[in-house]
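Presented below is the structure to which this report refers.
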Amino acid sequence: MELYILRHAVAKSRDTWRGEDDSQRPLTRKGEKEMWRIAKAMKNLGLSFDLLLSSPFVRARRTAEIVRDVFKAGKKLKLTPALGAEADPERFPKQIPKMFGSARKILMLRM
């Protein structure tokens, strides 16, 4: 299994975010533009993924959606709370085969 880990793009600052629920804090416009460039560069490097896994947090999900769109990955994007803020990052990779079967190249986006 090849496991790639990508941090979400630049999100709005906690100091300026007016929402109460941090899980809803979005990417900045600059963060989105930068992620489009990064995803295109990843594709130009010849990377490919069988599965895109993302935290359901808005900023991670949007980052994953950009990667999905650039890679034309359609239904390969799965949201999982196992990548949320309280999840154990050391435990999750061991659970992937049980949860997602035969996927060999996995991009994981944690918030």
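Ordered as shown in the structure tokens, chains take letters A, B, and onward, while each chain numbers its residues from 1 and ligands are numbered from 1 in the order shown.
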
Could you give me the residues within chain A that DSSP places in helix (DSSP H, G or I), as a PyMOL selection string?
chain A and resi 22-24+29-44+58-71+74-76+81-83+92-100

Saved selection, atoms kept: C-alpha atoms, as a PDB file, in the first residue's frame:
```pdb
ATOM      1  CA  ASP A  22     -14.248  25.147  13.863  1.00  0.00           C
ATOM      2  CA  SER A  23     -15.105  22.139  11.696  1.00  0.00           C
ATOM      3  CA  GLN A  24     -16.881  24.585   9.361  1.00  0.00           C
ATOM      4  CA  ARG A  29      -9.464  32.136  -1.734  1.00  0.00           C
ATOM      5  CA  LYS A  30      -5.645  32.129  -1.865  1.00  0.00           C
ATOM      6  CA  GLY A  31      -5.604  28.653  -0.283  1.00  0.00           C
ATOM      7  CA  GLU A  32      -7.969  27.309  -2.936  1.00  0.00           C
ATOM      8  CA  LYS A  33      -5.925  28.797  -5.797  1.00  0.00           C
ATOM      9  CA  GLU A  34      -2.724  27.388  -4.326  1.00  0.00           C
ATOM     10  CA  MET A  35      -4.311  23.946  -3.926  1.00  0.00           C
ATOM     11  CA  TRP A  36      -5.367  23.918  -7.573  1.00  0.00           C
ATOM     12  CA  ARG A  37      -1.718  24.550  -8.531  1.00  0.00           C
ATOM     13  CA  ILE A  38      -0.458  21.867  -6.136  1.00  0.00           C
ATOM     14  CA  ALA A  39      -2.954  19.263  -7.338  1.00  0.00           C
ATOM     15  CA  LYS A  40      -2.014  19.939 -10.969  1.00  0.00           C
ATOM     16  CA  ALA A  41       1.666  19.575 -10.053  1.00  0.00           C
ATOM     17  CA  MET A  42       0.912  16.264  -8.304  1.00  0.00           C
ATOM     18  CA  LYS A  43      -0.819  15.044 -11.450  1.00  0.00           C
ATOM     19  CA  ASN A  44       2.072  16.216 -13.635  1.00  0.00           C
ATOM     20  CA  VAL A  58     -14.898  21.743   5.532  1.00  0.00           C
ATOM     21  CA  ARG A  59     -11.291  22.780   4.893  1.00  0.00           C
ATOM     22  CA  ALA A  60     -10.050  19.190   4.452  1.00  0.00           C
ATOM     23  CA  ARG A  61     -13.073  18.185   2.385  1.00  0.00           C
ATOM     24  CA  ARG A  62     -12.686  21.151   0.028  1.00  0.00           C
ATOM     25  CA  THR A  63      -8.980  20.388  -0.403  1.00  0.00           C
ATOM     26  CA  ALA A  64      -9.902  16.788  -1.267  1.00  0.00           C
ATOM     27  CA  GLU A  65     -12.559  17.972  -3.709  1.00  0.00           C
ATOM     28  CA  ILE A  66      -9.973  20.038  -5.573  1.00  0.00           C
ATOM     29  CA  VAL A  67      -7.652  17.029  -5.834  1.00  0.00           C
ATOM     30  CA  ARG A  68     -10.584  14.863  -6.939  1.00  0.00           C
ATOM     31  CA  ASP A  69     -11.509  17.364  -9.654  1.00  0.00           C
ATOM     32  CA  VAL A  70      -7.953  17.718 -10.981  1.00  0.00           C
ATOM     33  CA  PHE A  71      -7.458  13.943 -11.036  1.00  0.00           C
ATOM     34  CA  GLY A  74     -15.132  10.908  -9.431  1.00  0.00           C
ATOM     35  CA  LYS A  75     -16.412   8.577  -6.740  1.00  0.00           C
ATOM     36  CA  LYS A  76     -13.005   7.831  -5.247  1.00  0.00           C
ATOM     37  CA  PRO A  81     -14.672  10.828  10.851  1.00  0.00           C
ATOM     38  CA  ALA A  82     -11.681   8.562  11.515  1.00  0.00           C
ATOM     39  CA  LEU A  83      -9.588  11.454  10.152  1.00  0.00           C
ATOM     40  CA  PHE A  92      -5.939   4.722  11.201  1.00  0.00           C
ATOM     41  CA  PRO A  93      -3.502   3.443   8.517  1.00  0.00           C
ATOM     42  CA  LYS A  94      -3.775  -0.031  10.046  1.00  0.00           C
ATOM     43  CA  GLN A  95      -7.561   0.119   9.700  1.00  0.00           C
ATOM     44  CA  ILE A  96      -7.554   1.093   6.012  1.00  0.00           C
ATOM     45  CA  PRO A  97      -7.435  -2.454   4.559  1.00  0.00           C
ATOM     46  CA  LYS A  98     -10.402  -3.513   6.680  1.00  0.00           C
ATOM     47  CA  MET A  99     -12.385  -0.389   5.804  1.00  0.00           C
ATOM     48  CA  PHE A 100     -11.496   0.147   2.154  1.00  0.00           C
TER      49      PHE A 100
END
```

Please, what distance in Å, to one decimal, runs between atom CA of Ala11 of chain A and atom CA of Thr28 of chain A?
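Interatomic distance here is 5.1 Å.
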
Nearby residues (only C-alpha atoms) at most 8 Å from Lys105 of chain A, same-chain spacing under 2 positions excluded, as a list in words:
Met1, Glu2, Leu3, Tyr4, Ser48, Phe49, Asp50, Leu51, Ala103 and Leu107 of chain A

A:Ala85, A:Ile5, A:Leu27, A:Ala73 ranked by distance to Ser55 of chain A, top pick (using only C-alpha atoms):
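For Ser55 of chain A, the nearest of the given residues is A:Ala85.
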
Can you work out which one of A:Lys78, A:Glu86, A:Arg14, A:Glu20 has the shortest atom-to-atom distance to Met108 of chain A, counting only C-alpha atoms?
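The closest residue to Met108 of chain A is A:Lys78.
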
Between A:Gly19, A:Gly46, A:Leu77, A:Leu53, which one has atoms that come closest to Arg7 of chain A, using only C-alpha atoms?
A:Leu53

Between A:Lys72, A:His8, A:Leu47, A:Arg110, single out the one closest to Asp88 of chain A, counting only C-alpha atoms.
A:Arg110

Rank nothing, just name the residue among A:Pro89, A:Pro26, A:Ser102, A:Thr80 nearest to Ala9 of chain A, using only C-alpha atoms.
A:Pro26

Going by DSSP on the backbone, which residues of segment 11-110 of chain A come out as strand (DSSP E)? List them as a PyMOL selection string.
chain A and resi 51-54+77-79+105-110

Save the residues we just selected, C-alpha atoms, as a PDB file, in the first residue's frame?
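Wrote it out as selection21.pdb, contents follow:
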```pdb
ATOM      1  CA  LEU A  51      -8.875   6.273  -3.022  1.00  0.00           C
ATOM      2  CA  LEU A  52      -9.048   9.781  -1.559  1.00  0.00           C
ATOM      3  CA  LEU A  53      -9.878   9.812   2.146  1.00  0.00           C
ATOM      4  CA  SER A  54     -10.742  13.042   3.900  1.00  0.00           C
ATOM      5  CA  LEU A  77     -13.474  10.482  -2.535  1.00  0.00           C
ATOM      6  CA  LYS A  78     -14.673   9.144   0.827  1.00  0.00           C
ATOM      7  CA  LEU A  79     -15.238  11.242   3.950  1.00  0.00           C
ATOM      8  CA  LYS A 105      -2.653   4.043  -3.557  1.00  0.00           C
ATOM      9  CA  ILE A 106      -4.415   6.206  -1.010  1.00  0.00           C
ATOM     10  CA  LEU A 107      -4.310   9.960  -0.471  1.00  0.00           C
ATOM     11  CA  MET A 108      -5.314  10.894   3.061  1.00  0.00           C
ATOM     12  CA  LEU A 109      -6.378  14.422   4.030  1.00  0.00           C
ATOM     13  CA  ARG A 110      -6.516  15.138   7.713  1.00  0.00           C
TER      14      ARG A 110
END
```
